[in-house]
>>> print(open('entry-v9.tsv').read())   # TSV, C-alpha atoms
chain	number	residue	atom	x	y	z
A	362	MET	CA	10.65	138.06	281.20
A	363	THR	CA	12.96	135.13	280.52
A	364	THR	CA	15.90	134.38	282.75
A	365	ALA	CA	19.09	135.84	281.32
A	366	PRO	CA	21.57	133.16	280.26
A	367	ALA	CA	24.91	133.06	282.03
A	368	ARG	CA	27.65	134.89	280.16
A	369	THR	CA	30.44	132.67	278.96
A	370	THR	CA	34.04	133.73	278.46
A	371	ALA	CA	33.36	134.11	274.74
A	372	GLU	CA	31.01	136.83	273.56
A	373	PRO	CA	27.68	135.43	272.26
A	374	THR	CA	27.40	135.26	268.51
A	375	GLU	CA	24.92	137.35	266.56
A	376	THR	CA	22.89	134.18	265.98
A	377	ASP	CA	22.69	133.72	269.75
A	378	PHE	CA	21.41	137.28	270.14
A	379	THR	CA	18.46	136.73	267.82
A	380	ALA	CA	17.07	134.15	270.28
A	381	LEU	CA	17.15	136.55	273.24
A	382	ARG	CA	14.29	138.66	274.51
A	383	ASP	CA	13.51	141.02	277.37
A	384	ALA	CA	10.38	142.74	278.69
A	385	LEU	CA	10.19	144.77	275.46
A	386	GLY	CA	10.25	141.71	273.20
A	387	MET	CA	12.78	139.98	270.96
A	388	LEU	CA	16.18	141.61	270.63
A	389	LYS	CA	17.00	142.77	267.12
A	390	ASP	CA	19.97	141.47	265.17
A	391	ARG	CA	22.94	143.63	266.12
A	392	GLU	CA	24.42	143.74	262.61
A	393	GLN	CA	21.10	144.58	260.98
A	394	VAL	CA	20.48	147.43	263.42
A	395	ALA	CA	23.96	148.81	262.74
A	396	MET	CA	23.50	148.55	258.97
A	397	ARG	CA	20.25	150.52	259.11
A	398	LEU	CA	21.95	153.17	261.22
A	399	LEU	CA	24.87	153.34	258.79
A	400	GLU	CA	22.44	153.84	255.91
A	401	SER	CA	20.67	156.59	257.82
A	402	SER	CA	24.01	158.24	258.62
A	403	ALA	CA	24.91	158.27	254.93
A	404	LYS	CA	21.65	160.08	254.11
A	405	HIS	CA	21.23	162.38	257.10
A	406	SER	CA	24.57	163.61	258.39
A	407	PHE	CA	25.70	167.23	258.48
A	408	ASP	CA	28.88	169.25	258.41
A	409	PRO	CA	28.13	172.14	260.81
A	410	ASP	CA	30.91	174.26	259.31
A	411	THR	CA	29.11	174.43	255.97
A	412	GLU	CA	25.52	173.75	257.06
A	413	LEU	CA	25.27	176.76	259.39
A	414	ASP	CA	25.91	180.44	258.74
A	415	TRP	CA	28.48	181.21	261.40
A	416	ASP	CA	29.14	184.72	260.07
A	417	ALA	CA	25.55	185.93	260.37
A	418	PRO	CA	24.97	188.47	263.15
A	419	ALA	CA	22.93	187.50	266.20
A	420	ASP	CA	19.17	188.04	265.93
A	421	GLU	CA	18.25	191.11	267.93
A	422	GLY	CA	15.68	190.47	270.65
A	423	LYS	CA	15.82	186.66	270.43
A	424	TRP	CA	16.64	184.15	273.14
A	425	TYR	CA	19.58	181.74	273.25
A	426	TRP	CA	17.50	179.17	275.15
A	427	PRO	CA	13.73	178.81	275.66
A	428	PRO	CA	12.77	180.80	278.76
A	429	GLU	CA	10.68	177.91	280.12
A	430	LEU	CA	13.86	175.80	280.21
A	431	VAL	CA	15.93	178.41	282.05
A	432	SER	CA	16.62	177.16	285.57
A	433	LEU	CA	15.13	180.14	287.41
A	434	TYR	CA	11.96	180.33	285.30
A	435	ASP	CA	8.84	181.07	287.38
A	436	THR	CA	10.79	181.49	290.63
A	437	PRO	CA	10.46	184.63	292.81
A	438	MET	CA	13.87	185.75	291.55
A	439	TRP	CA	12.79	185.32	287.92
A	440	LYS	CA	9.65	187.38	288.47
A	441	LYS	CA	11.74	190.29	289.74
A	442	MET	CA	14.19	190.21	286.82
A	443	SER	CA	13.89	192.48	283.79
A	444	GLU	CA	13.38	190.86	280.40
A	445	ASP	CA	16.90	191.83	279.36
A	446	ARG	CA	18.37	190.15	282.42
A	447	ARG	CA	16.31	187.02	281.83
A	448	MET	CA	17.63	186.85	278.28
A	449	GLU	CA	21.17	187.35	279.53
A	450	LEU	CA	20.76	184.47	281.98
A	451	ALA	CA	19.40	182.30	279.14
A	452	ARG	CA	22.47	183.14	277.04
A	453	HIS	CA	24.81	182.05	279.81
A	454	GLU	CA	22.81	178.92	280.56
A	455	ALA	CA	22.92	177.96	276.87
A	456	ALA	CA	26.72	178.21	277.08
A	457	ALA	CA	26.77	176.17	280.30
A	458	ILE	CA	24.61	173.42	278.80
A	459	ALA	CA	26.75	173.34	275.65
A	460	SER	CA	29.84	173.05	277.88
A	461	LEU	CA	28.20	170.15	279.72
A	462	GLY	CA	27.41	168.54	276.37
A	463	ILE	CA	31.04	168.74	275.26
A	464	TRP	CA	32.24	167.22	278.54
A	465	PHE	CA	29.76	164.42	278.24
A	466	GLU	CA	30.50	163.70	274.58
A	467	ILE	CA	34.22	163.42	275.28
A	468	ILE	CA	33.40	160.81	277.93
A	469	LEU	CA	31.06	159.04	275.52
A	470	MET	CA	33.72	158.84	272.82
A	471	GLN	CA	36.09	157.17	275.27
A	472	LEU	CA	33.42	154.67	276.32
A	473	LEU	CA	32.61	153.80	272.70
A	474	VAL	CA	36.27	153.24	271.83
A	475	ARG	CA	36.60	150.93	274.83
A	476	HIS	CA	33.41	149.08	273.83
A	477	ILE	CA	34.72	148.20	270.34
A	478	TYR	CA	38.34	147.56	271.35
A	479	ASP	CA	38.02	143.74	271.25
A	480	LYS	CA	35.31	143.45	268.58
A	481	SER	CA	35.62	142.66	264.89
A	482	VAL	CA	36.78	145.78	263.08
A	483	THR	CA	34.89	144.72	259.94
A	484	SER	CA	31.50	144.35	261.67
A	485	ASN	CA	28.68	146.81	261.04
A	486	HIS	CA	28.44	147.27	264.81
A	487	VAL	CA	32.00	148.59	265.01
A	488	ARG	CA	31.64	150.62	261.83
A	489	TYR	CA	28.61	152.37	263.28
A	490	ALA	CA	30.39	153.02	266.59
A	491	LEU	CA	33.19	154.72	264.64
A	492	THR	CA	30.60	156.70	262.69
A	493	GLU	CA	29.02	157.85	265.96
A	494	ILE	CA	32.41	158.87	267.34
A	495	ALA	CA	32.91	161.02	264.22
A	496	ASP	CA	29.45	162.55	264.81
A	497	GLU	CA	30.35	163.35	268.42
A	498	CYS	CA	33.61	164.98	267.36
A	499	ARG	CA	31.67	167.32	265.06
A	500	HIS	CA	29.05	167.97	267.76
A	501	SER	CA	31.68	168.94	270.33
A	502	MET	CA	33.34	171.35	267.91
A	503	MET	CA	29.91	172.72	266.93
A	504	PHE	CA	28.96	173.36	270.56
A	505	ALA	CA	32.30	175.05	271.24
A	506	LYS	CA	31.85	177.30	268.23
A	507	MET	CA	28.30	178.17	269.33
A	508	ILE	CA	29.59	179.18	272.77
A	509	GLN	CA	32.15	181.47	271.17
A	510	LYS	CA	29.59	183.05	268.83
A	511	GLY	CA	27.19	183.65	271.72
A	512	GLY	CA	29.79	185.67	273.60
A	513	ALA	CA	29.29	183.93	276.96
A	514	PRO	CA	32.20	182.06	278.55
A	515	SER	CA	32.51	178.29	278.59
A	516	TYR	CA	31.58	176.68	281.88
A	517	PRO	CA	33.85	173.80	282.89
A	518	ILE	CA	32.37	171.08	285.08
A	519	PRO	CA	33.34	171.52	288.77
A	520	ARG	CA	36.65	169.79	289.46
A	521	VAL	CA	35.19	167.27	291.90
A	522	TYR	CA	32.73	165.96	289.29
A	523	HIS	CA	35.30	166.19	286.51
A	524	ASN	CA	37.52	163.83	288.51
A	525	LEU	CA	34.64	161.63	289.63
A	526	ALA	CA	33.82	161.08	285.97
A	527	ARG	CA	37.34	159.72	285.49
A	528	VAL	CA	36.47	157.02	288.01
A	529	LEU	CA	33.01	156.32	286.62
A	530	LYS	CA	34.22	155.88	283.06
A	531	THR	CA	37.16	153.75	284.19
A	532	VAL	CA	35.13	151.27	286.24
A	533	SER	CA	31.97	151.39	284.11
A	534	THR	CA	30.66	148.08	282.82
A	535	THR	CA	29.56	147.84	279.19
A	536	PRO	CA	25.85	148.13	280.08
A	537	GLY	CA	26.76	150.92	282.51
A	538	SER	CA	28.45	152.79	279.69
A	539	PHE	CA	25.37	152.62	277.47
A	540	ALA	CA	23.04	153.56	280.33
A	541	ALA	CA	25.18	156.63	281.03
A	542	THR	CA	25.21	157.40	277.30
A	543	LEU	CA	21.41	157.51	277.25
A	544	LEU	CA	21.34	159.63	280.40
A	545	GLY	CA	23.40	162.33	278.73
A	546	GLU	CA	21.71	162.12	275.35
A	547	GLU	CA	18.00	161.80	276.03
A	548	ILE	CA	17.43	164.69	278.45
A	549	LEU	CA	19.33	167.14	276.25
A	550	ASP	CA	17.53	165.73	273.23
A	551	TRP	CA	14.14	166.42	274.84
A	552	MET	CA	15.13	170.03	275.51
A	553	GLN	CA	16.57	170.53	272.04
A	554	ARG	CA	13.41	169.19	270.42
A	555	LEU	CA	11.61	172.08	272.10
A	556	THR	CA	14.31	174.53	271.01
A	557	PHE	CA	14.91	174.10	267.27
A	558	PRO	CA	11.30	174.75	266.12
A	559	ASP	CA	10.92	177.75	268.49
A	560	GLU	CA	10.94	181.00	266.49
A	561	ARG	CA	11.78	182.99	269.64
A	562	ILE	CA	15.25	181.42	269.61
A	563	GLN	CA	18.41	182.60	267.84
A	564	THR	CA	18.73	181.21	264.31
A	565	LEU	CA	22.18	179.76	264.99
A	566	VAL	CA	21.03	177.99	268.16
A	567	ARG	CA	18.05	176.53	266.31
A	568	GLY	CA	20.37	175.27	263.58
A	569	VAL	CA	22.77	173.69	266.07
A	570	THR	CA	20.00	171.95	268.00
A	571	ARG	CA	18.34	170.72	264.79
A	572	ILE	CA	21.55	169.01	263.64
A	573	HIS	CA	22.10	167.52	267.07
A	574	VAL	CA	18.55	166.16	267.35
A	575	ILE	CA	18.65	164.49	263.92
A	576	GLU	CA	22.01	162.82	264.48
A	577	GLU	CA	21.43	161.94	268.14
A	578	ALA	CA	18.31	159.97	267.23
A	579	ARG	CA	20.63	157.34	265.70
A	580	HIS	CA	22.91	157.38	268.74
A	581	VAL	CA	19.97	156.79	271.07
A	582	ARG	CA	18.76	153.85	268.95
A	583	TYR	CA	22.23	152.28	268.98
A	584	ALA	CA	22.63	152.72	272.76
A	585	ARG	CA	19.14	151.44	273.58
A	586	GLU	CA	19.52	148.30	271.50
A	587	GLU	CA	22.94	147.55	272.97
A	588	LEU	CA	21.85	148.23	276.55
A	589	ARG	CA	18.90	145.86	276.16
A	590	ARG	CA	21.26	143.17	274.87
A	591	GLN	CA	23.79	143.75	277.63
A	592	MET	CA	21.20	143.64	280.42
A	593	VAL	CA	19.97	140.27	279.15
A	594	THR	CA	23.41	138.69	278.75
A	595	ALA	CA	25.31	140.28	281.65
A	596	PRO	CA	25.97	138.24	284.80
A	597	ARG	CA	24.01	139.29	287.86
A	598	TRP	CA	26.91	141.15	289.51
A	599	GLU	CA	27.31	143.30	286.39
A	600	GLN	CA	23.61	144.08	286.26
A	601	GLU	CA	23.65	145.16	289.91
A	602	PHE	CA	26.78	147.27	289.45
A	603	THR	CA	25.22	148.87	286.38
A	604	ARG	CA	22.15	149.86	288.40
A	605	LEU	CA	24.32	151.53	291.03
A	606	SER	CA	26.71	153.26	288.61
A	607	CYS	CA	23.81	154.49	286.48
A	608	GLY	CA	22.09	155.93	289.55
A	609	GLU	CA	25.27	157.72	290.60
A	610	ALA	CA	25.73	159.03	287.05
A	611	ALA	CA	22.17	160.43	287.21
A	612	ARG	CA	23.00	162.21	290.47
A	613	VAL	CA	26.20	163.74	289.04
A	614	PHE	CA	24.56	164.71	285.74
A	615	SER	CA	21.61	166.45	287.39
A	616	THR	CA	23.95	168.32	289.74
A	617	CYS	CA	26.12	169.50	286.85
A	618	PHE	CA	23.26	170.42	284.56
A	619	ILE	CA	23.49	174.09	285.41
A	620	ASN	CA	26.74	175.66	286.60
A	621	PRO	CA	26.00	178.08	289.52
A	622	LYS	CA	28.68	180.39	288.11
A	623	VAL	CA	26.10	181.56	285.57
A	624	TYR	CA	24.21	183.35	288.33
A	625	GLU	CA	27.29	185.27	289.45
A	626	ASN	CA	28.08	186.23	285.87
A	627	VAL	CA	24.70	187.91	285.40
A	628	GLY	CA	24.86	189.68	288.76
A	629	LEU	CA	22.59	187.41	290.81
A	630	ASP	CA	23.13	186.09	294.30
A	631	ARG	CA	24.51	182.61	293.73
A	632	ARG	CA	23.28	180.99	296.94
A	633	GLU	CA	19.80	182.42	296.68
A	634	ALA	CA	19.52	181.42	293.02
A	635	VAL	CA	20.61	177.84	293.74
A	636	ALA	CA	18.14	177.64	296.64
A	637	GLN	CA	15.27	178.88	294.49
A	638	VAL	CA	16.08	176.43	291.69
A	639	LYS	CA	16.09	173.55	294.20
A	640	ALA	CA	12.71	174.67	295.53
A	641	SER	CA	11.19	175.23	292.09
A	642	GLY	CA	8.35	172.90	291.22
A	643	HIS	CA	8.58	174.03	287.60
A	644	ARG	CA	12.26	173.08	287.39
A	645	THR	CA	11.60	169.68	288.94
A	646	GLU	CA	8.83	169.10	286.40
A	647	VAL	CA	11.08	170.12	283.50
A	648	MET	CA	13.89	167.76	284.53
A	649	GLN	CA	11.56	164.83	285.21
A	650	ASN	CA	9.68	165.38	281.94
A	651	GLY	CA	13.01	165.50	280.13
A	652	ALA	CA	14.05	162.21	281.70
A	653	LYS	CA	10.69	160.40	281.56
A	654	ARG	CA	11.12	158.63	278.23
A	655	LEU	CA	14.50	157.37	279.45
A	656	THR	CA	13.38	156.37	282.94
A	657	ASP	CA	10.39	154.49	281.52
A	658	PHE	CA	12.75	152.57	279.24
A	659	LEU	CA	15.28	151.85	282.00
A	660	ASP	CA	12.47	150.69	284.27
A	661	ASP	CA	11.17	148.32	281.60
A	662	ILE	CA	14.55	146.63	281.09
A	663	GLY	CA	15.35	146.31	284.79
A	664	VAL	CA	17.89	149.09	285.38
A	665	LEU	CA	15.84	151.11	287.90
A	666	ARG	CA	15.90	148.73	290.84
A	667	GLY	CA	17.14	148.68	294.42
A	668	PRO	CA	19.67	151.29	295.66
A	669	GLY	CA	20.21	152.49	292.09
A	670	ARG	CA	16.57	153.56	291.85
A	671	ARG	CA	16.91	155.52	295.11
A	672	LEU	CA	19.89	157.36	293.60
A	673	TRP	CA	17.72	158.29	290.60
A	674	VAL	CA	15.05	159.64	292.95
A	675	SER	CA	17.66	161.64	294.89
A	676	SER	CA	18.91	163.09	291.60
A	677	GLY	CA	15.52	164.71	291.04
A	678	LEU	CA	15.14	163.05	287.63
A	679	LEU	CA	12.70	160.39	288.85
A	680	ALA	CA	9.57	160.95	290.92
A	681	ARG	CA	9.16	158.80	294.01
>>> encode(input="entry-v9.tsv", output="C-alpha cells")
Amino acid sequence: MTTAPARTTAEPTETDFTALRDALGMLKDREQVAMRLLESSAKHSFDPDTELDWDAPADEGKWYWPPELVSLYDTPMWKKMSEDRRMELARHEAAAIASLGIWFEIILMQLLVRHIYDKSVTSNHVRYALTEIADECRHSMMFAKMIQKGGAPSYPIPRVYHNLARVLKTVSTTPGSFAATLLGEEILDWMQRLTFPDERIQTLVRGVTRIHVIEEARHVRYAREELRRQMVTAPRWEQEFTRLSCGEAARVFSTCFINPKVYENVGLDRREAVAQVKASGHRTEVMQNGAKRLTDFLDDIGVLRGPGRRLWVSSGLLAR
C-alpha cells in the first residue's frame, strides 16, 4: 500500500484522486462514480406510497421478521415459547429495528449535509449526496408507516445513546462519518436481503425491505468509495480518530440493535431475555455474519486497527 500523501489546506482535485490507490487498487474518479449512481437512481428509485399496498390487510399466519433473525432464536427461552408468542416477539422486534433505522438515517442525513456543505453544488458528487438524502427521507417515512401498520409501538433509542450520538455526529471526521454510515447500512442490508425473498414474511414487510435493499446498494457504493478516498488522503491524526470513533459507533450500534423493552411488551422477563441473548451463540453468529462483509472491507482499507479494533471486538460484531 502506498503512503498516503499529506492533506493540504485545499481539497485535492478530482485529477489528483485518479492517481491515488489503496490496498484494494486504484481509486475511481469521484465524479464518474457519482454519475453512474445518479443514472442508477433515475432508473431504480421507488415511491413507497404508490409502490406498496398500504391498505391491504396483514397476511394471517405470517411473520414480520424471519424467526432466525429474532434475538432470542434458539435460546432456552425461545424453545419454551409458543409459536404465537414467537411471532409476536418478531413483530415487536421488526418495529424496534425499523425505529433504529429511522434514528440512524436521520443521523446519516445530517452527516451527508455536513459533508457537502463546502463542496461545489454543481458537482455530480453533491448531486448524488442530495439524491441519497431524498432516498433516506422516503425510507424513514416508509419505516414509520410500516411500524404503524404492524400495530407494534415505535421503540426510541435509549436516551443515553440518543445523546451520545449527538456527540459522535458533531465530532465525527469525514471518514468517520462514512465509516459510521456503512456500519448502519450494511448489517441491516444483510438482514433485509434474507427477508424480502422469504415467503414466510408479511407481504408489506417484504415490499419495504425490497425497496430498501435496492436503493441502499447505491448508498453503500457511494460511502465505500468516499471512505477509501478519505482514508488515503486524511492526515494520520484523522485516520486514528476515525478508527476510534468507528469502533465506538460499532459498540453503540450493536447495543441499540434490539430494544429490551420488546421483551417486556410481549410478557417476557427482561433481564433473563437480555442475559440469554448475550449468551446466545446463534445471535453472535448472526451479528458477525451480518457485519462480515463490512469488517472485511474496513480491515482491508486500514480502519480496523489498534484500540478501535478492540472496540469492534467488544461490540460483538467482530470475532477476536
>>> residues_around(input="entry-v9.tsv", residues="A:Val431", least_positions_apart="6", cutoff="10 Å", atoms="only C-alpha atoms", output="PyMOL selection string")
chain A and resi 439+447-448+450-455+619+638+644+647
>>> residues_near_point(input="entry-v9.tsv", point="(32.3, 169.1, 277.0)", cutoff="10 Å", atoms="only C-alpha atoms", output="PDB file with C-alpha atoms, in the coordinates of the input")
ATOM      1  CA  ALA A 457      26.770 176.170 280.300  1.00  0.00           C
ATOM      2  CA  ILE A 458      24.610 173.420 278.800  1.00  0.00           C
ATOM      3  CA  ALA A 459      26.750 173.340 275.650  1.00  0.00           C
ATOM      4  CA  SER A 460      29.840 173.050 277.880  1.00  0.00           C
ATOM      5  CA  LEU A 461      28.200 170.150 279.720  1.00  0.00           C
ATOM      6  CA  GLY A 462      27.410 168.540 276.370  1.00  0.00           C
ATOM      7  CA  ILE A 463      31.040 168.740 275.260  1.00  0.00           C
ATOM      8  CA  TRP A 464      32.240 167.220 278.540  1.00  0.00           C
ATOM      9  CA  PHE A 465      29.760 164.420 278.240  1.00  0.00           C
ATOM     10  CA  GLU A 466      30.500 163.700 274.580  1.00  0.00           C
ATOM     11  CA  ILE A 467      34.220 163.420 275.280  1.00  0.00           C
ATOM     12  CA  ILE A 468      33.400 160.810 277.930  1.00  0.00           C
ATOM     13  CA  HIS A 500      29.050 167.970 267.760  1.00  0.00           C
ATOM     14  CA  SER A 501      31.680 168.940 270.330  1.00  0.00           C
ATOM     15  CA  MET A 502      33.340 171.350 267.910  1.00  0.00           C
ATOM     16  CA  PHE A 504      28.960 173.360 270.560  1.00  0.00           C
ATOM     17  CA  ALA A 505      32.300 175.050 271.240  1.00  0.00           C
ATOM     18  CA  SER A 515      32.510 178.290 278.590  1.00  0.00           C
ATOM     19  CA  TYR A 516      31.580 176.680 281.880  1.00  0.00           C
ATOM     20  CA  PRO A 517      33.850 173.800 282.890  1.00  0.00           C
ATOM     21  CA  ILE A 518      32.370 171.080 285.080  1.00  0.00           C
TER      22      ILE A 518
END
>>> closest_residue(input="entry-v9.tsv", among="A:Leu655, A:His405, A:Glu586, A:Gln649", to="A:Arg681", atoms="only C-alpha atoms")
A:Gln649
>>> atom_distance(input="entry-v9.tsv", atom1="atom CA of A:Arg670", atom2="atom CA of A:Val593")
18.7 Å
>>> closest_residue(input="entry-v9.tsv", among="A:Gly677, A:Pro418, A:Leu605, A:Thr616", to="A:Gly512", atoms="all atoms listed in the file")
A:Pro418
>>> axis_aligned_box(input="entry-v9.tsv", around="stretch 513-524 of chain A", padding_each_side="5 Å", output="AutoDock Vina command-line options")
--center_x 33.4 --center_y 173.9 --center_z 284.4 --size_x 18.2 --size_y 30.1 --size_z 24.9
>>> residues_around(input="entry-v9.tsv", residues="A:Ile572", least_positions_apart="2", cutoff="10 Å", atoms="all atoms listed in the file", output="PyMOL selection string")
chain A and resi 405-409+412-413+500+503+553+557+567-570+574-577
>>> closest_residue(input="entry-v9.tsv", among="A:Leu399, A:Ala611, A:Ile662, A:Ala417", to="A:Val487", atoms="only C-alpha atoms")
A:Leu399
>>> atom_distance(input="entry-v9.tsv", atom1="atom CA of A:Thr656", atom2="atom CA of A:Val674")
10.7 Å
>>> atom_distance(input="entry-v9.tsv", atom1="atom CA of A:Leu665", atom2="atom CA of A:Asn650")
16.6 Å
>>> closest_residue(input="entry-v9.tsv", among="A:Gly537, A:Ser432, A:Phe658, A:Leu549", to="A:Val635", atoms="only C-alpha atoms")
A:Ser432
>>> closest_residue(input="entry-v9.tsv", among="A:His580, A:Arg488, A:Arg554, A:His643", to="A:Leu469", atoms="only C-alpha atoms")
A:His580
>>> closest_residue(input="entry-v9.tsv", among="A:Ser675, A:Asn524, A:Ser443, A:Thr535", to="A:Met592", atoms="only C-alpha atoms")
A:Thr535
